[in-house]
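Chemist: This is coords-v4.cif, which holds mmCIF, C-alpha atoms, pLDDT in the B column; chains and numbers go by the auth columns:
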```cif
data_final
#
loop_
_atom_site.group_PDB
_atom_site.id
_atom_site.type_symbol
_atom_site.label_atom_id
_atom_site.label_comp_id
_atom_site.label_asym_id
_atom_site.label_seq_id
_atom_site.Cartn_x
_atom_site.Cartn_y
_atom_site.Cartn_z
_atom_site.B_iso_or_equiv
_atom_site.auth_seq_id
_atom_site.auth_asym_id
ATOM 1 C CA MET A 1 -2.043 -5.749 5.862 77.00 1 A
ATOM 2 C CA LEU A 2 -4.691 -3.677 7.667 82.00 2 A
ATOM 3 C CA PRO A 3 -2.218 -2.274 10.236 86.00 3 A
ATOM 4 C CA MET A 4 0.005 -1.063 7.379 83.00 4 A
ATOM 5 C CA VAL A 5 -2.939 0.608 5.648 85.00 5 A
ATOM 6 C CA LYS A 6 -3.923 2.310 8.920 89.00 6 A
ATOM 7 C CA GLU A 7 -0.373 3.531 9.487 89.00 7 A
ATOM 8 C CA LEU A 8 -0.151 4.866 5.935 87.00 8 A
ATOM 9 C CA SER A 9 -3.466 6.642 6.462 90.00 9 A
ATOM 10 C CA ALA A 10 -2.203 8.203 9.701 91.00 10 A
ATOM 11 C CA ASN A 11 1.011 9.347 7.982 88.00 11 A
ATOM 12 C CA THR A 12 -0.932 10.896 5.114 89.00 12 A
ATOM 13 C CA THR A 13 -3.302 12.647 7.515 91.00 13 A
ATOM 14 C CA ALA A 14 -0.325 13.989 9.490 89.00 14 A
ATOM 15 C CA ALA A 15 1.259 15.313 6.288 86.00 15 A
ATOM 16 C CA ILE A 16 -1.970 17.079 5.303 87.00 16 A
ATOM 17 C CA ASN A 17 -2.421 18.530 8.786 89.00 17 A
ATOM 18 C CA TYR A 18 1.167 19.806 8.794 86.00 18 A
ATOM 19 C CA LEU A 19 0.632 21.535 5.470 84.00 19 A
ATOM 20 C CA ASN A 20 -2.675 23.056 6.623 87.00 20 A
ATOM 21 C CA GLN A 21 -1.043 24.414 9.791 87.00 21 A
ATOM 22 C CA ASN A 22 2.004 25.819 7.992 81.00 22 A
ATOM 23 C CA LYS A 23 0.497 27.523 4.960 79.00 23 A
ATOM 24 C CA SER A 24 2.501 30.724 5.313 79.00 24 A
ATOM 25 C CA ARG A 25 5.882 29.019 5.868 75.00 25 A
ATOM 26 C CA PRO A 26 8.018 27.465 3.159 70.00 26 A
ATOM 27 C CA VAL A 27 7.960 23.681 3.209 75.00 27 A
ATOM 28 C CA SER A 28 11.199 22.220 4.547 83.00 28 A
ATOM 29 C CA ASP A 29 13.406 19.624 2.912 89.00 29 A
ATOM 30 C CA LEU A 30 12.572 17.286 5.801 88.00 30 A
ATOM 31 C CA TYR A 31 8.868 17.563 4.928 84.00 31 A
ATOM 32 C CA HIS A 32 9.637 16.756 1.276 87.00 32 A
ATOM 33 C CA GLN A 33 11.595 13.672 2.384 91.00 33 A
ATOM 34 C CA TYR A 34 8.664 12.640 4.594 87.00 34 A
ATOM 35 C CA LEU A 35 6.238 12.952 1.680 87.00 35 A
ATOM 36 C CA LYS A 36 8.533 10.989 -0.648 91.00 36 A
ATOM 37 C CA LYS A 37 8.896 8.144 1.868 92.00 37 A
ATOM 38 C CA ASN A 38 5.153 8.121 2.470 89.00 38 A
ATOM 39 C CA ALA A 39 4.506 7.922 -1.281 91.00 39 A
ATOM 40 C CA GLU A 40 7.102 5.147 -1.647 92.00 40 A
ATOM 41 C CA THR A 41 5.416 3.188 1.132 90.00 41 A
ATOM 42 C CA ALA A 42 2.028 3.655 -0.546 91.00 42 A
ATOM 43 C CA ARG A 43 3.422 2.308 -3.853 92.00 43 A
ATOM 44 C CA GLN A 44 4.972 -0.692 -2.097 92.00 44 A
ATOM 45 C CA LEU A 45 1.746 -1.459 -0.259 91.00 45 A
ATOM 46 C CA SER A 46 -0.232 -1.135 -3.483 91.00 46 A
ATOM 47 C CA SER A 47 2.167 -3.504 -5.227 94.00 47 A
ATOM 48 C CA MET A 48 1.918 -5.993 -2.371 92.00 48 A
ATOM 49 C CA ILE A 49 -1.887 -5.927 -2.480 91.00 49 A
ATOM 50 C CA SER A 50 -1.878 -6.339 -6.276 93.00 50 A
ATOM 51 C CA SER A 51 0.456 -9.321 -5.958 95.00 51 A
ATOM 52 C CA LEU A 52 -1.809 -10.937 -3.371 93.00 52 A
ATOM 53 C CA VAL A 53 -4.843 -10.440 -5.604 94.00 53 A
ATOM 54 C CA ASP A 54 -2.967 -11.958 -8.566 96.00 54 A
ATOM 55 C CA TYR A 55 -1.860 -14.870 -6.383 96.00 55 A
ATOM 56 C CA GLU A 56 -5.433 -15.530 -5.268 96.00 56 A
ATOM 57 C CA LYS A 57 -6.650 -15.463 -8.879 97.00 57 A
ATOM 58 C CA SER A 58 -3.933 -17.918 -9.902 96.00 58 A
ATOM 59 C CA MET A 59 -4.703 -20.265 -7.017 96.00 59 A
ATOM 60 C CA ASN A 60 -8.417 -20.184 -7.858 96.00 60 A
ATOM 61 C CA GLU A 61 -7.605 -21.047 -11.484 96.00 61 A
ATOM 62 C CA ILE A 62 -5.325 -23.890 -10.372 94.00 62 A
ATOM 63 C CA GLN A 63 -8.095 -25.215 -8.140 94.00 63 A
ATOM 64 C CA ARG A 64 -10.589 -25.013 -11.029 94.00 64 A
ATOM 65 C CA LEU A 65 -8.190 -26.856 -13.328 94.00 65 A
ATOM 66 C CA ARG A 66 -7.540 -29.522 -10.689 93.00 66 A
ATOM 67 C CA SER A 67 -11.276 -30.051 -10.311 93.00 67 A
ATOM 68 C CA ASN A 68 -11.717 -30.388 -14.076 92.00 68 A
ATOM 69 C CA LEU A 69 -8.870 -32.902 -14.230 93.00 69 A
ATOM 70 C CA GLY A 70 -10.107 -34.803 -11.211 87.00 70 A
ATOM 71 C CA VAL A 71 -6.749 -34.280 -9.482 79.00 71 A
ATOM 72 C CA SER A 72 -6.616 -34.095 -5.700 74.00 72 A
ATOM 73 C CA GLY A 73 -4.965 -31.012 -4.201 63.00 73 A
ATOM 74 C CA ASN A 74 -3.425 -32.935 -1.290 60.00 74 A
#
```
Could you quickly redo this structure as structure tokens?
Modeler:
Amino acid sequence: MLPMVKELSANTTAAINYLNQNKSRPVSDLYHQYLKKNAETARQLSSMISSLVDYEKSMNEIQRLRSNLGVSGN
């Protein structure tokens, strides 16, 4: 997960740097496509992280319930 977050960060930084260096020029369609894909990737990564957090919460609850029932997890 960390490599994906680092890559997304690098892409976002590159997009900001491009915009800062090209303030007087109109932004190209290619740049808009780049930003849209970067935003889509950020949403997907956010969703993936949220799903992992939900999964961990569910597994912790299952483990708690197992303990209360005296059921072995193996």
Chemist: Could you give me, as a PyMOL selection string, the residues within 12 Å of A:Gln44, counting only C-alpha atoms and dropping anything in the same chain fewer than 4 positions from it?
Modeler: chain A and resi 1+4-5+8+37-40+48-51
Chemist: Could you write out that same residue set with C-alpha atoms as a short mmCIF file (atom, residue, chain, number, x, y, z; two decimals), in the frame of the given file?
Modeler:
```
data_model
loop_
_atom_site.label_atom_id
_atom_site.label_comp_id
_atom_site.auth_asym_id
_atom_site.auth_seq_id
_atom_site.Cartn_x
_atom_site.Cartn_y
_atom_site.Cartn_z
CA MET A 1 -2.04 -5.75 5.86
CA MET A 4 0.00 -1.06 7.38
CA VAL A 5 -2.94 0.61 5.65
CA LEU A 8 -0.15 4.87 5.94
CA LYS A 37 8.90 8.14 1.87
CA ASN A 38 5.15 8.12 2.47
CA ALA A 39 4.51 7.92 -1.28
CA GLU A 40 7.10 5.15 -1.65
CA MET A 48 1.92 -5.99 -2.37
CA ILE A 49 -1.89 -5.93 -2.48
CA SER A 50 -1.88 -6.34 -6.28
CA SER A 51 0.46 -9.32 -5.96
#
```
Chemist: Can you list what the PyMOL selection byres ((chain A and resi 12) around 12) grabs from this structure, as JSON, numbers by chain?
Modeler: {"A": [5, 6, 7, 8, 9, 10, 11, 13, 14, 15, 16, 17, 18, 19, 31, 34, 35, 36, 37, 38, 39, 40, 41, 42]}
Chemist: When you draw a straight line from atom CA of A:Pro3 to atom CA of A:Ser46, how long is it in Å?
Modeler: 13.9 Å
Chemist: What are the centre and the three edge lengths of an axis-aligned box that wraps all atoms of stretch 54-65 of chain A in the file, given that 4 Å is added to every side, written as JSON and rounded to one decimal in Å?
Modeler:
```
{"center_x": -6.2, "center_y": -19.4, "center_z": -9.3, "size_x": 16.7, "size_y": 22.9, "size_z": 16.1}
```
Chemist: Would you compute the distance between atom CA of A:Glu61 and atom CA of A:Arg43? Give it in Å to one decimal.
Modeler: 26.9 Å
Chemist: Mind pulling up the distance from atom CA of A:Gln63 to atom CA of A:Leu45?
Modeler: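 Separating atom CA of A:Leu45 from atom CA of A:Gln63 is a distance of 26.9 Å.
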Chemist: Would you mind putting N, CA, C and O atoms back on stretch 49-63 of chain A and writing the result as a short mmCIF file (atom, residue, chain, number, x, y, z; two decimals), keeping the file's coordinate frame?
Modeler:
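The result, stored in part.cif:
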```cif
data_model
loop_
_atom_site.label_atom_id
_atom_site.label_comp_id
_atom_site.auth_asym_id
_atom_site.auth_seq_id
_atom_site.Cartn_x
_atom_site.Cartn_y
_atom_site.Cartn_z
N ILE A 49 -0.47 -5.56 -2.38
CA ILE A 49 -1.89 -5.93 -2.48
C ILE A 49 -2.19 -6.49 -3.86
O ILE A 49 -2.88 -7.50 -3.99
N SER A 50 -1.67 -5.85 -4.91
CA SER A 50 -1.88 -6.34 -6.28
C SER A 50 -1.32 -7.75 -6.44
O SER A 50 -1.95 -8.61 -7.07
N SER A 51 -0.15 -7.99 -5.87
CA SER A 51 0.46 -9.32 -5.96
C SER A 51 -0.40 -10.36 -5.24
O SER A 51 -0.57 -11.47 -5.74
N LEU A 52 -0.94 -10.00 -4.10
CA LEU A 52 -1.81 -10.94 -3.37
C LEU A 52 -3.08 -11.24 -4.15
O LEU A 52 -3.54 -12.39 -4.18
N VAL A 53 -3.64 -10.23 -4.79
CA VAL A 53 -4.84 -10.44 -5.60
C VAL A 53 -4.52 -11.35 -6.79
O VAL A 53 -5.27 -12.29 -7.09
N ASP A 54 -3.39 -11.10 -7.45
CA ASP A 54 -2.97 -11.96 -8.57
C ASP A 54 -2.73 -13.39 -8.11
O ASP A 54 -3.11 -14.35 -8.79
N TYR A 55 -2.10 -13.55 -6.94
CA TYR A 55 -1.86 -14.87 -6.38
C TYR A 55 -3.18 -15.60 -6.13
O TYR A 55 -3.33 -16.77 -6.49
N GLU A 56 -4.14 -14.90 -5.54
CA GLU A 56 -5.43 -15.53 -5.27
C GLU A 56 -6.12 -15.95 -6.56
O GLU A 56 -6.68 -17.05 -6.65
N LYS A 57 -6.06 -15.11 -7.59
CA LYS A 57 -6.65 -15.46 -8.88
C LYS A 57 -5.98 -16.71 -9.46
O LYS A 57 -6.66 -17.61 -9.96
N SER A 58 -4.66 -16.76 -9.38
CA SER A 58 -3.93 -17.92 -9.90
C SER A 58 -4.29 -19.19 -9.14
O SER A 58 -4.50 -20.25 -9.74
N MET A 59 -4.36 -19.09 -7.82
CA MET A 59 -4.70 -20.26 -7.02
C MET A 59 -6.13 -20.73 -7.29
O MET A 59 -6.39 -21.94 -7.34
N ASN A 60 -7.04 -19.81 -7.50
CA ASN A 60 -8.42 -20.18 -7.86
C ASN A 60 -8.46 -20.89 -9.21
O ASN A 60 -9.18 -21.88 -9.39
N GLU A 61 -7.67 -20.42 -10.16
CA GLU A 61 -7.60 -21.05 -11.48
C GLU A 61 -6.98 -22.44 -11.38
O GLU A 61 -7.46 -23.40 -12.02
N ILE A 62 -5.94 -22.57 -10.58
CA ILE A 62 -5.32 -23.89 -10.37
C ILE A 62 -6.34 -24.85 -9.76
O ILE A 62 -6.45 -26.00 -10.18
N GLN A 63 -7.08 -24.37 -8.78
CA GLN A 63 -8.10 -25.22 -8.14
C GLN A 63 -9.17 -25.63 -9.15
O GLN A 63 -9.60 -26.78 -9.17
#
```
